[in-house]
Amino acid sequence: MSLLAKRLSWLKSGLFWRTFILLALLITVSMAAWVWGVRSVERAPRARQIAAQVVSIVTITRAALAHSAPELRRELLFDLASNEGIRVYPLEDSDIVEPLSGGSLAPLVQEQVRAKFGPTTRFARSVNEVDGFWISFDIAGDDYWLMLDRARIDRSSGVQWLGWGTVTLALALAGALFISGFVNLPLARLTAATRAVARGQKPETLPEKGPREIREANRSFNQMVNDLDRIESDRALILAGISHDLRTPIARMLLEVEMASLDSDARAGMQADLGQMDAIIGQFLDYARPDDPAAMRTTDLSALLQEIARDAARMQDVDIVPHIDPGISVKCQPIDLKRAVNNLIENARRYARIDEASRVTIELVCRRENGQAIIEVADDGPGVPAQEIERMLRPFTRLDTARSQANGAGLGLAIVERLVKRHHGTLQVSNRDIHGLSVRITLPLSVA
């Protein structure tokens, strides 16, 4: 995974989106409540301001027209229209009038203007299909319309409110996105590091900075990783000592048995017992051997399995039937993967025989499936009870049929599962449809 992908992995987490959605809802509700509060509080003062402005314009216009010379009124009306945006028209009974509307603000404005000019004052938003703010007044008993541009009355329209709200909401959501990422990033790092530990890898050291809780959690996790790494190193050292301290006496005992004056049956029995002890020690070392990520490399899986099939074909009591597709490559530790497949073949050879004289047919399959490499080792033996399959994968577990055979420590399948997990794969054990046992390994294909 690239550095950029690691840094952006928190975007995929459910906690990030849950935090973002909760913050977005909180911000949206808060903004809606704020807008409603502002509009409610400013409604009455704004209505008074608009009414005062309208009264002032009508009063001044009426006074100017009433006191001007008749021959100068046309010029005065032209100046009012061109300079002030105020137009005056005679009020006719035939005028097509559309009533004024403006939500909860228009009734307040009309009420206050009528209180000044009288209840007969009329308002309109359109007269003879000409839009504007229309108000009636009289001069010496003659009725007139005074029209103002609506922009002078509606200083902030609904569209403007919507625009401001959209910009503000977008900025708030961007802030919520940043806050969600800031809150979720430390937890995402800790989760990724925990998954790395679960895969047997040593994660990068988590930064011990930020809030106190984050510092303490990262410090504790780093200490845990260091302790596990030290325990792993100590275990490897102990196992190396055990191997040396136990196998040396076994080798000496084998030599003494070979040189002792014993009959052939006693010598063969003692050699078999010592060989079994050496095999059990080898199983313990294989199971407890630490992982080595540096040994991972792209390997031709098809060629590796062909080699395993050729070696297994030399066994006298086994028939190997390979079905291996060519050109399949995976990233693996070849020695470990070869050990895992050989363990499966050996288990099938030991436990799939019906009697001592029978032969075991083992199918070794390798194919691509859904972008993954599939390895399957299947035998024609009696299989195992379905309820015992899960228990077979536990360390030091042997079925009753296996206990009668004097070899192994019950680590065969446990070793295979451990090796498969180190290769980021999965192990599945199941009975075949007819008879026999099938062990299926799924590994990710190597990326070219």
# chains A, B, ... in the order shown; residues from 1 in each chain; ligands from 1

call {"tool": "residues_around", "arguments": {"residues": "Val88 of chain A", "least_positions_apart": "6", "cutoff": "7 Å", "atoms": "only C-alpha atoms", "output": "JSON, numbers by chain"}}
result
{"A": [144, 145, 146, 147]}

call {"tool": "write_last_selection", "arguments": {"atoms": "all heavy atoms", "output": "PDB file, in the first residue's frame"}}
result
ATOM      1  N   TYR A 144     -53.277  58.474  -8.132  1.00  0.00           N
ATOM      2  CA  TYR A 144     -52.092  58.141  -8.934  1.00  0.00           C
ATOM      3  C   TYR A 144     -51.456  56.860  -8.383  1.00  0.00           C
ATOM      4  O   TYR A 144     -51.669  56.484  -7.222  1.00  0.00           O
ATOM      5  CB  TYR A 144     -51.064  59.280  -8.899  1.00  0.00           C
ATOM      6  CG  TYR A 144     -51.537  60.553  -9.538  1.00  0.00           C
ATOM      7  CD1 TYR A 144     -52.215  61.513  -8.785  1.00  0.00           C
ATOM      8  CD2 TYR A 144     -51.289  60.804 -10.886  1.00  0.00           C
ATOM      9  CE1 TYR A 144     -52.654  62.682  -9.370  1.00  0.00           C
ATOM     10  CE2 TYR A 144     -51.725  61.982 -11.470  1.00  0.00           C
ATOM     11  CZ  TYR A 144     -52.411  62.920 -10.705  1.00  0.00           C
ATOM     12  OH  TYR A 144     -52.841  64.083 -11.277  1.00  0.00           O
ATOM     13  N   TRP A 145     -50.692  56.240  -9.266  1.00  0.00           N
ATOM     14  CA  TRP A 145     -49.817  55.129  -8.861  1.00  0.00           C
ATOM     15  C   TRP A 145     -48.381  55.643  -8.785  1.00  0.00           C
ATOM     16  O   TRP A 145     -47.925  56.356  -9.662  1.00  0.00           O
ATOM     17  CB  TRP A 145     -49.842  53.992  -9.881  1.00  0.00           C
ATOM     18  CG  TRP A 145     -51.055  53.113  -9.903  1.00  0.00           C
ATOM     19  CD1 TRP A 145     -51.978  53.007 -10.890  1.00  0.00           C
ATOM     20  CD2 TRP A 145     -51.440  52.188  -8.885  1.00  0.00           C
ATOM     21  NE1 TRP A 145     -52.930  52.088 -10.583  1.00  0.00           N
ATOM     22  CE2 TRP A 145     -52.617  51.551  -9.334  1.00  0.00           C
ATOM     23  CE3 TRP A 145     -50.934  51.840  -7.631  1.00  0.00           C
ATOM     24  CZ2 TRP A 145     -53.286  50.596  -8.588  1.00  0.00           C
ATOM     25  CZ3 TRP A 145     -51.590  50.872  -6.889  1.00  0.00           C
ATOM     26  CH2 TRP A 145     -52.756  50.262  -7.363  1.00  0.00           C
ATOM     27  N   LEU A 146     -47.680  55.261  -7.739  1.00  0.00           N
ATOM     28  CA  LEU A 146     -46.237  55.504  -7.648  1.00  0.00           C
ATOM     29  C   LEU A 146     -45.563  54.140  -7.675  1.00  0.00           C
ATOM     30  O   LEU A 146     -45.891  53.261  -6.871  1.00  0.00           O
ATOM     31  CB  LEU A 146     -45.876  56.247  -6.369  1.00  0.00           C
ATOM     32  CG  LEU A 146     -44.391  56.632  -6.214  1.00  0.00           C
ATOM     33  CD1 LEU A 146     -44.266  57.976  -5.500  1.00  0.00           C
ATOM     34  CD2 LEU A 146     -43.607  55.581  -5.449  1.00  0.00           C
ATOM     35  N   MET A 147     -44.645  53.970  -8.635  1.00  0.00           N
ATOM     36  CA  MET A 147     -43.966  52.677  -8.781  1.00  0.00           C
ATOM     37  C   MET A 147     -42.487  52.810  -8.444  1.00  0.00           C
ATOM     38  O   MET A 147     -41.800  53.729  -8.932  1.00  0.00           O
ATOM     39  CB  MET A 147     -44.102  52.151 -10.206  1.00  0.00           C
ATOM     40  CG  MET A 147     -43.622  50.697 -10.360  1.00  0.00           C
ATOM     41  SD  MET A 147     -43.278  50.229 -12.067  1.00  0.00           S
ATOM     42  CE  MET A 147     -41.682  51.005 -12.300  1.00  0.00           C
TER      43      MET A 147
END

call {"tool": "residues_around", "arguments": {"residues": "Pro207 of chain A", "least_positions_apart": "4", "cutoff": "10 Å", "atoms": "only C-alpha atoms", "output": "list in words"}}
result
Pro186, Arg189, Ile214, Arg215, Asn218, Arg219 and Asn222 of chain A

call {"tool": "write_last_selection", "arguments": {"atoms": "C-alpha atoms", "output": "PDB file, in the first residue's frame"}}
result
ATOM      1  CA  PRO A 186      -5.544   8.356  14.957  1.00  0.00           C
ATOM      2  CA  ARG A 189      -3.853   4.378  12.225  1.00  0.00           C
ATOM      3  CA  ILE A 214      -4.248   9.577  21.806  1.00  0.00           C
ATOM      4  CA  ARG A 215      -0.686   9.862  23.120  1.00  0.00           C
ATOM      5  CA  ASN A 218      -0.314   5.065  20.915  1.00  0.00           C
ATOM      6  CA  ARG A 219       2.402   4.836  23.576  1.00  0.00           C
ATOM      7  CA  ASN A 222       3.995   0.844  20.694  1.00  0.00           C
TER       8      ASN A 222
END

call {"tool": "closest_residue", "arguments": {"among": "A:Ala115, A:Thr248, A:Leu364, A:Ala188", "to": "Ala52 of chain A", "atoms": "only C-alpha atoms"}}
result
A:Ala115

call {"tool": "atom_distance", "arguments": {"atom1": "atom CA of Ile135 of chain A", "atom2": "atom CA of Phe123 of chain A"}}
result
4.7 Å

call {"tool": "select_by_dssp", "arguments": {"residues": "segment 14-258 of chain A", "states": "alpha helix (DSSP H)", "output": "MDAnalysis selection string"}}
result
chainID A and resid 14:66 73:79 105:117 150:153 158:198 212:258

call {"tool": "closest_residue", "arguments": {"among": "A:Ile250, A:Ile96, A:Ile389, A:Ala63", "to": "Met270 of chain A", "atoms": "only C-alpha atoms"}}
result
A:Ile250

call {"tool": "closest_residue", "arguments": {"among": "A:Thr61, A:Gln333, A:Gln428, A:Gln53", "to": "Leu76 of chain A", "atoms": "only C-alpha atoms"}}
result
A:Thr61

call {"tool": "atom_distance", "arguments": {"atom1": "atom CA of Val420 of chain A", "atom2": "atom CA of Val341 of chain A"}}
result
10.0 Å

call {"tool": "select_by_dssp", "arguments": {"residues": "segment 107-228 of chain A", "states": "strand (DSSP E)", "output": "ChimeraX atom specification"}}
result
/A:123-127,130-139,142-148

call {"tool": "closest_residue", "arguments": {"among": "A:Leu427, A:Leu105, A:Ile345, A:Leu419", "to": "Thr361 of chain A", "atoms": "only C-alpha atoms"}}
result
A:Ile345

call {"tool": "closest_residue", "arguments": {"among": "A:Trp34, A:Glu92, A:Arg349, A:Gln112", "to": "Gln49 of chain A", "atoms": "only C-alpha atoms"}}
result
A:Gln112

call {"tool": "residues_around", "arguments": {"residues": "Glu417 of chain A", "least_positions_apart": "3", "cutoff": "8 Å", "atoms": "only C-alpha atoms", "output": "PyMOL selection string"}}
result
chain A and resi 393+413-414+420-421+426-427

call {"tool": "write_last_selection", "arguments": {"atoms": "N, CA, C and O atoms", "output": "PDB file, in the first residue's frame"}}
result
ATOM      1  N   LEU A 393      -7.850 -28.148  13.199  1.00  0.00           N
ATOM      2  CA  LEU A 393      -6.921 -27.045  12.954  1.00  0.00           C
ATOM      3  C   LEU A 393      -6.285 -26.513  14.234  1.00  0.00           C
ATOM      4  O   LEU A 393      -5.396 -25.673  14.167  1.00  0.00           O
ATOM      5  N   LEU A 413      -1.763 -29.783  10.530  1.00  0.00           N
ATOM      6  CA  LEU A 413      -2.657 -28.790   9.945  1.00  0.00           C
ATOM      7  C   LEU A 413      -2.489 -27.428  10.606  1.00  0.00           C
ATOM      8  O   LEU A 413      -2.674 -26.397   9.953  1.00  0.00           O
ATOM      9  N   ALA A 414      -2.158 -27.390  11.883  1.00  0.00           N
ATOM     10  CA  ALA A 414      -1.922 -26.111  12.548  1.00  0.00           C
ATOM     11  C   ALA A 414      -0.729 -25.391  11.932  1.00  0.00           C
ATOM     12  O   ALA A 414      -0.737 -24.158  11.763  1.00  0.00           O
ATOM     13  N   VAL A 420      -0.071 -20.467   5.946  1.00  0.00           N
ATOM     14  CA  VAL A 420      -0.975 -19.844   4.980  1.00  0.00           C
ATOM     15  C   VAL A 420      -1.329 -18.425   5.423  1.00  0.00           C
ATOM     16  O   VAL A 420      -1.373 -17.488   4.605  1.00  0.00           O
ATOM     17  N   LYS A 421      -1.585 -18.218   6.704  1.00  0.00           N
ATOM     18  CA  LYS A 421      -1.907 -16.880   7.206  1.00  0.00           C
ATOM     19  C   LYS A 421      -0.734 -15.927   7.002  1.00  0.00           C
ATOM     20  O   LYS A 421      -0.939 -14.743   6.747  1.00  0.00           O
ATOM     21  N   THR A 426      -6.026 -18.036   2.998  1.00  0.00           N
ATOM     22  CA  THR A 426      -7.003 -18.709   3.844  1.00  0.00           C
ATOM     23  C   THR A 426      -6.914 -20.220   3.619  1.00  0.00           C
ATOM     24  O   THR A 426      -6.535 -20.677   2.541  1.00  0.00           O
ATOM     25  N   LEU A 427      -7.285 -20.971   4.660  1.00  0.00           N
ATOM     26  CA  LEU A 427      -7.270 -22.428   4.610  1.00  0.00           C
ATOM     27  C   LEU A 427      -8.680 -22.939   4.877  1.00  0.00           C
ATOM     28  O   LEU A 427      -9.338 -22.497   5.826  1.00  0.00           O
TER      29      LEU A 427
END

call {"tool": "closest_residue", "arguments": {"among": "A:Gly436, A:Pro90, A:Gly175, A:Gly181", "to": "Ala348 of chain A", "atoms": "only C-alpha atoms"}}
result
A:Gly436

call {"tool": "decode", "arguments": {"residues": "segment 328-340 of chain A", "atoms": "all heavy atoms", "output": "compact mmCIF listing (two decimals), in the first residue's frame"}}
result
# COMPACT_ATOMS: atom_id res chain seq x y z
N ILE A 328 0.99 -19.54 -13.11
CA ILE A 328 0.40 -18.92 -11.92
C ILE A 328 1.53 -18.51 -10.98
O ILE A 328 2.37 -19.33 -10.60
CB ILE A 328 -0.57 -19.88 -11.21
CG1 ILE A 328 -1.71 -20.27 -12.15
CG2 ILE A 328 -1.12 -19.25 -9.94
CD1 ILE A 328 -2.68 -21.26 -11.55
N SER A 329 1.56 -17.23 -10.62
CA SER A 329 2.62 -16.71 -9.75
C SER A 329 2.00 -16.07 -8.51
O SER A 329 0.95 -15.43 -8.59
CB SER A 329 3.48 -15.67 -10.49
OG SER A 329 4.14 -16.26 -11.59
N VAL A 330 2.66 -16.26 -7.38
CA VAL A 330 2.24 -15.65 -6.11
C VAL A 330 3.48 -15.10 -5.42
O VAL A 330 4.60 -15.51 -5.71
CB VAL A 330 1.51 -16.65 -5.19
CG1 VAL A 330 0.23 -17.15 -5.82
CG2 VAL A 330 2.43 -17.81 -4.82
N LYS A 331 3.25 -14.18 -4.49
CA LYS A 331 4.34 -13.68 -3.66
C LYS A 331 4.36 -14.49 -2.38
O LYS A 331 3.40 -14.47 -1.61
CB LYS A 331 4.15 -12.19 -3.36
CG LYS A 331 5.39 -11.55 -2.74
CD LYS A 331 5.24 -10.04 -2.67
CE LYS A 331 6.53 -9.41 -2.14
NZ LYS A 331 6.43 -7.93 -2.09
N CYS A 332 5.44 -15.23 -2.16
CA CYS A 332 5.47 -16.15 -1.04
C CYS A 332 6.90 -16.41 -0.61
O CYS A 332 7.86 -15.95 -1.23
CB CYS A 332 4.79 -17.47 -1.43
SG CYS A 332 5.70 -18.42 -2.67
N GLN A 333 7.03 -17.19 0.49
CA GLN A 333 8.30 -17.77 0.88
C GLN A 333 8.31 -19.21 0.35
O GLN A 333 7.59 -20.07 0.89
CB GLN A 333 8.45 -17.74 2.40
CG GLN A 333 8.42 -16.35 3.00
CD GLN A 333 8.56 -16.36 4.51
OE1 GLN A 333 9.17 -17.25 5.07
NE2 GLN A 333 8.02 -15.34 5.15
N PRO A 334 9.02 -19.49 -0.71
CA PRO A 334 8.91 -20.80 -1.37
C PRO A 334 9.12 -21.98 -0.43
O PRO A 334 8.41 -22.98 -0.51
CB PRO A 334 9.99 -20.73 -2.45
CG PRO A 334 10.19 -19.27 -2.70
CD PRO A 334 9.98 -18.61 -1.38
N ILE A 335 10.08 -21.86 0.49
CA ILE A 335 10.36 -22.99 1.39
C ILE A 335 9.16 -23.26 2.30
O ILE A 335 8.75 -24.41 2.49
CB ILE A 335 11.63 -22.71 2.22
CG1 ILE A 335 12.85 -22.61 1.30
CG2 ILE A 335 11.83 -23.78 3.28
CD1 ILE A 335 14.13 -22.26 2.01
N ASP A 336 8.57 -22.18 2.85
CA ASP A 336 7.43 -22.35 3.73
C ASP A 336 6.22 -22.90 2.98
O ASP A 336 5.50 -23.78 3.49
CB ASP A 336 7.06 -21.01 4.38
CG ASP A 336 8.03 -20.62 5.48
OD1 ASP A 336 8.85 -21.47 5.85
OD2 ASP A 336 7.96 -19.46 5.95
N LEU A 337 5.95 -22.37 1.77
CA LEU A 337 4.80 -22.85 1.02
C LEU A 337 4.99 -24.32 0.61
O LEU A 337 4.04 -25.12 0.66
CB LEU A 337 4.60 -21.97 -0.21
CG LEU A 337 3.29 -22.18 -0.97
CD1 LEU A 337 2.09 -21.98 -0.07
CD2 LEU A 337 3.21 -21.23 -2.17
N LYS A 338 6.21 -24.67 0.26
CA LYS A 338 6.50 -26.06 -0.08
C LYS A 338 6.31 -26.95 1.14
O LYS A 338 5.76 -28.07 1.04
CB LYS A 338 7.93 -26.17 -0.62
CG LYS A 338 8.27 -27.55 -1.18
CD LYS A 338 9.65 -27.52 -1.82
CE LYS A 338 9.98 -28.88 -2.43
NZ LYS A 338 11.31 -28.88 -3.09
N ARG A 339 6.71 -26.49 2.32
CA ARG A 339 6.54 -27.26 3.55
C ARG A 339 5.05 -27.46 3.84
O ARG A 339 4.63 -28.55 4.26
CB ARG A 339 7.21 -26.54 4.71
CG ARG A 339 7.06 -27.28 6.05
CD ARG A 339 7.69 -26.52 7.20
NE ARG A 339 9.14 -26.42 7.04
CZ ARG A 339 9.79 -25.28 6.84
NH1 ARG A 339 9.12 -24.15 6.74
NH2 ARG A 339 11.09 -25.28 6.72
N ALA A 340 4.23 -26.41 3.60
CA ALA A 340 2.79 -26.52 3.87
C ALA A 340 2.14 -27.57 2.98
O ALA A 340 1.37 -28.42 3.44
CB ALA A 340 2.12 -25.16 3.68
